[in-house]
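Peer 1: I'd like to ask some things about the structure below.
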Amino acid sequence: MMQSLSIEQLVNLLQAKAEGFSEGFLIAQVAIDSRNILQPDQSLFVALNGAKFDGHDFVEEVFEKGVRVYLVINEYKPDPSLLSFACFLKVKEPLQALQKLGAYQRKLFKGPLIGITGSNGKTIVKEWLGQVLSQKFSVAKSPKSYNSQVGVPLSIFGIDNVHQVAVMEAGISKPHEMEALEKMLHPNLGIFTNIGTAHEEGFESQQQKLEEKAKLFIGCDYIIFRKEHRLISQYLEKKFPKKKLIIWSDGLGGDYSLTIKKEGEKSKILLMRPDLSLFTFFVPFTDEASLENIRHVIVAALTLDMEVKNIQEGLNHLRAVDMRLTLKPGANQSLIIDDTYNNDLAGLRLALDFMSAQRPKKRKILIISDLLQVGNTTQVYAEMKQLLSFYGIDQLIGVGHDIQTLQGQLEIPMMFFSDTDQLLETLHPEFFDNDLILVTGARKFGFEYIINRLQQRIHGTTLEINLNALTHNYNFYKSRLNPKTKVMVMVKAFAYGGGAEEIANHLQQLKADYLAVAYTDEGVALREEGIKLPIMVLNPVQESFTLLQQHELEPVVYSPVFFRELAMFCKMQGSGMKIHLDLDTGMHRLGFEEKDLDELMSLILENPQLEIASLYTHLAAADEPEYEAFTRQQLQSFIGMCDAIISKLSYKPIRHALNSAGITAYSAYQMDMVRLGIGLYGVEVTGLYDQQLRSISTLKTTISQVKRLKKGDTIGYSRKGVMGQDGEIATIALGYADGYDRRFSNGNGFVLINGKRANVIGNVCMDMTMIDVTGMGVKEGDEVIIYGPGISLKVLAERIGTIPYELLTNISSRVKRVYYLD
């Protein structure tokens with residue numbers, strides 16, 4: 001919570017002009033999202049203009065929630081009726097004003113602030129360093145990966161008077177962004193993790209990116225980096241005085257030498273200080289990335305004068321940090337939000353916000369442990385109580401001692417347990433029924449056992465859906481459209497295999513305009529899961545008319561016969577229905593042709609109970625440049641047919657023709673709406689913008705068994721696989737019943753294990769596949785990537801002569817879908 005500021009103080013600080021009523025307001029919180037304003041009477045709403053929304057459009061909605069102070073752009077004209085009750089602080093640029101406020105609040109914090117930047121590892125180093133430092137200090141951390149121009153000031157507002165150390169990360173994607181972050185954070189101690197290819201597209205060179213990131217350290221007392229990162233080392237040693245540099249190395253030549261000795265699943269770190277004193281640390285990691293990150297943490301903790309024994313105590317509790325908020329199917333139709341090992345109020349608020357965005361369930365249940373190393377426990381749990389009330393938690397299950405201070409303070413059922421074992425003895429999956437369950441707690445409580453107990457029992461193959469990547473792809477296509485162009489998103493075929501209900505719910509949060517499904521029962525399922533967006537049904541049948549009407553679904557009408565059938569049904573019901581007319585301009589699949597227009601117009605005029613919501617056509621070859629002339633002919637034909645129909649109507653239906661390929665190749669024809677399909681899911685079929693899209697899904701499984709075979713041994717059905725040399729094969733828990741195409745047999749397919757490629761050997765079986773892992777050193781239980789980052793769906797599809805659509809939509813329903821925000 002930030003230090004309270006009066007309107008007069010805000011005006012002076014932000015160089016703002018106040019308009020409206022301004023007496024008696026004290027601001028202690030900042031909000032940028034109308035959905036999660038906790039204390040409206042103390043909140044400043046900052047109207048930011050982002051990729052998805054303009055905050056100025058939500059002023060009246062926020063006013064209804066009780067907010068009375070707003071930070072807006074100079075040109076904004078508030079409703080005159082609000083001026084007697086609310087104050088509008090007008091500035092040239094609200095984002096810059098937000099950052100000024102962040103910089104002011106940072107100056108009020110007197111403890112050391114650690115600023116972390118680099119290409120990779122920022123969030124992991126921040127989380128691990130926060131955990132280690134919490135053995136001695138009360139630590140404030142930026143939540144999740146809040147490291148952007150907006151995320152950094154919001155992180156600063158989370159620094160409270162109880163905190164002794166702050167650990168913040170700073171990320172940039174183009175030049176001149178770091179200056180603003182440095183002015184806000186002004187770190188005392190800096191950590192430069194590494195330099196790599198992440199966000200490379202925003203910079204002219206890697207050197208430019210390095211120099212821009214290093215601007216974070218201008219005011220630092222000390223800067224920590226690894227000597228083996230040659231570019232970083234050369235630049236920082238040239239740019240900054242030697243007395244500011246703390247250099248560590250896995251050899252000699254640094255201020256600290258930290259060498260590694262791997263011992264099975266653990267590693268021993270031998271540290272030699274500048275005075276030649278020696279210390280030994282033990283960590284539960286052997287991979288190179290984790291070992292680099294943990295050495296940054298050790299050096300930073302030593303720099304802050306932590307004792308070695310306290311550092312080791314913190315290291316004892318470390319595990320690989322999953323920064324994702326993950327949505328998993330639970331027993332009895334419940335949904336589980338896995339936020340294990342998050343353990344502070346800022347993270348809890350993010351998790352509760354994510355929870356509130358999910359589709360409705362019977363109950364919202366929070367399973368949470370004590371918050372550790374929080375300083376003033378009375379204040380912290382008072383804030384937690386406020387959060388639980390605001391987000392409408394229906395039941396609280398607490399583990400630990402301090403959490404029990406909430407007993408009787410909320411009018412909801414509560415259960416408390418001294419430890420996780422006691423909870424597991426009492427709590428069984430049958431307790432939950434169609435609930436939404438958030439599980440979050442400190443690592444020492446071992447909440448992964450709760451997740452394992454409550455998860456739906458499905459075999460180990462999972463399809464992970466990255467909702468942030470989906471948001472990125474949605475916004476990429478939105479950026480290519482005019483502001484008023486609507487977006488219809490295709491969620492047919494189980495949302496291209498991704499799971500229609502969760503993806504549709506996320507699209508509803510993104511404020512998509514329309515959804516489209518193939519069949520009526522798909523639309524009914526979405527309605528039953530709380531989806532309220534308009535839904536177009538592409539392939540309705542006469543038997544579904546009643547369901548269409550009951551669930552306010554909008555059918556596609558494609559022929560005079562079907563038009564008459566639907567019109568007669570509505571007339572007999574004494575009701576109307578919105579419909580969409582499919583106009584065939586060259587696809588030659590379904591739809592009215594030009595020769596049908598006179599009959600169609602007669603039907604429309606005779607049946608006003610059928611309202612034409614939209615007119616659309618399908619482009620046959622928008623992704624094929626050689627057919628550009630045909631595509632343009634289709635578009636011109638469609639425009640002519642639309643003009644003929646609309647000229648006879650008293651209203652104007654929406655017109656839409658462009659699919660994902662069309663949006664990129666023919667954006668001039670976006671008309672009133674576009675239909676976003678495969679592009680949303682990370683496949684850019686024209687090849688023009690492959691680098692701009694992100695893969696949203698990763699199909700992964702595990703190794704069930706490893707076998708050692710001799711040259712000439714055969715593998716699988718029909719003995720199709722033959723060992724070309726002595727070596728090893730692994731059997732993975734995935735087959736054609738899961739959607740792994742049988743055409744990947746005999747070397748046509750490949751997977752990734754620990755970043756290395758392994759070819760399929762033998763025939764793909766119904767439930768299993770064998771892969772050649774000779775010389776790879778794999779073991780049972782290792783994770784196997786079937787497709788996702790590192791394995792392009794396009795490449796896989798080309799290898800077996802199909803298209804990415806088929807691979808996506810073939811994923812079996814028995815494969816568990818897991819959704820996450822990273």
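Ligands are numbered from 1 in the order shown, residues from 1 within each chain, and chains are lettered A, B, ... in the order they appear in the structure tokens.
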Might you pull out every residue within 10 Å of segment 642-646 of chain A, with only C-alpha atoms counted and same-chain residues fewer than 3 positions away left off, and present them as a PyMOL selection string?
Peer 2: chain A and resi 583+594+597-598+600-601+604+612+614-616+636-639+649-655
Peer 1: So that I can check the surroundings of Phe476 of chain A, please list as a PyMOL selection string every protein, DNA and RNA residue that reaches within 12 Å of it, counting only C-alpha atoms and ignoring chain neighbours fewer than 6 positions away.
Peer 2: chain A and resi 51-52+469-470+660+663-664+676+679-682+684+689-694
Peer 1: I'd like the neighbourhood of Ser142 of chain A as number ranges by chain, where a residue qualifies if any of its atoms comes within 12 Å (using only C-alpha atoms), though same-chain residues fewer than 4 positions away should be ignored.
Peer 2: A: 113-116, 122-127, 129-130, 146-148, 150-159, 165-171, 185, 342, 344-347, 350
Peer 1: Write the residues of the preceding selection, restricted to C-alpha atoms, as a compact mmCIF listing (two decimals), in the first residue's frame.
Peer 2:
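Ended up saving to out.txt:
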```
# COMPACT_ATOMS: atom_id res chain seq x y z
CA LEU A 113 16.43 -2.24 -3.54
CA ILE A 114 17.86 -4.91 -5.84
CA GLY A 115 17.22 -4.40 -9.56
CA ILE A 116 17.50 -7.42 -11.86
CA LYS A 122 15.18 -12.43 -14.22
CA THR A 123 12.04 -13.81 -12.64
CA ILE A 124 13.69 -16.98 -11.34
CA VAL A 125 16.59 -15.05 -9.78
CA LYS A 126 14.11 -12.62 -8.21
CA GLU A 127 11.98 -15.41 -6.74
CA LEU A 129 16.68 -14.38 -4.05
CA GLY A 130 13.47 -13.33 -2.33
CA TYR A 146 5.80 -7.45 -13.47
CA ASN A 147 8.83 -5.87 -15.13
CA SER A 148 7.35 -3.58 -17.81
CA VAL A 150 3.34 -0.44 -16.26
CA GLY A 151 4.35 -3.46 -14.17
CA VAL A 152 7.30 -1.74 -12.45
CA PRO A 153 5.33 1.14 -10.87
CA LEU A 154 2.62 -1.30 -9.79
CA SER A 155 5.35 -3.41 -8.16
CA ILE A 156 6.74 -0.38 -6.34
CA PHE A 157 3.31 0.40 -4.89
CA GLY A 158 3.50 -3.02 -3.22
CA ILE A 159 6.51 -2.01 -1.08
CA VAL A 165 14.53 -5.28 1.30
CA ALA A 166 12.93 -4.98 -2.14
CA VAL A 167 13.73 -7.23 -5.12
CA MET A 168 12.47 -5.93 -8.45
CA GLU A 169 13.01 -6.97 -12.05
CA ALA A 170 13.16 -4.73 -15.11
CA GLY A 171 12.51 -5.88 -18.66
CA LEU A 185 13.58 1.75 -9.33
CA ASN A 342 3.59 -18.21 -4.23
CA ASP A 344 2.95 -13.01 -0.58
CA LEU A 345 0.00 -10.66 -0.79
CA ALA A 346 0.90 -9.27 -4.21
CA GLY A 347 0.97 -12.75 -5.71
CA LEU A 350 -2.91 -11.76 -8.91
```
Peer 1: Neighbouring residues of Ile437 of chain A were defined as those with any atom within 7 Å, considering only C-alpha atoms; residues of the same chain fewer than 6 positions away were excluded. Please report them as a ChimeraX atom specification.
Peer 2: /A:335-337,364-366
Peer 1: As a ChimeraX atom specification, please: the residues near Thr686 of chain A (cut-off 8 Å, only C-alpha atoms, same-chain neighbours under 4 positions excluded).
Peer 2: /A:623-624,661,664-665
Peer 1: Restricting it to C-alpha atoms, dump the selection as an mmCIF file, in the first residue's frame.
Peer 2:
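The resulting file, part32.cif, is reproduced below:
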```cif
data_model
loop_
_atom_site.group_PDB
_atom_site.id
_atom_site.type_symbol
_atom_site.label_atom_id
_atom_site.label_comp_id
_atom_site.auth_asym_id
_atom_site.auth_seq_id
_atom_site.Cartn_x
_atom_site.Cartn_y
_atom_site.Cartn_z
ATOM 1 C CA ASP A 623 -3.099 -18.124 -47.979
ATOM 2 C CA GLU A 624 -2.005 -18.910 -51.555
ATOM 3 C CA ALA A 661 -4.771 -15.516 -43.702
ATOM 4 C CA THR A 664 -2.607 -10.478 -42.979
ATOM 5 C CA ALA A 665 -2.820 -10.559 -46.781
#
```
Peer 1: Excluding Glu313 of chain A and any residue of its chain fewer than 4 positions from it, enumerate the residues within 10 Å of it, using only C-alpha atoms, and give them as a list in words.
Peer 2: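 With the cut-off at 10 Å, the set is Gln131, Val132, Gln135, Phe281, Phe282, Val308, Lys309, His317 and Leu318 of chain A.
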Peer 1: Which residues are near Gly574 of chain A? Cut-off 9 Å, only C-alpha atoms, ignore same chain within fewer than 4 positions. Put them as a list in words.
Peer 2: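 What passes the distance filter is Phe569, Cys570 and Gln609 of chain A.
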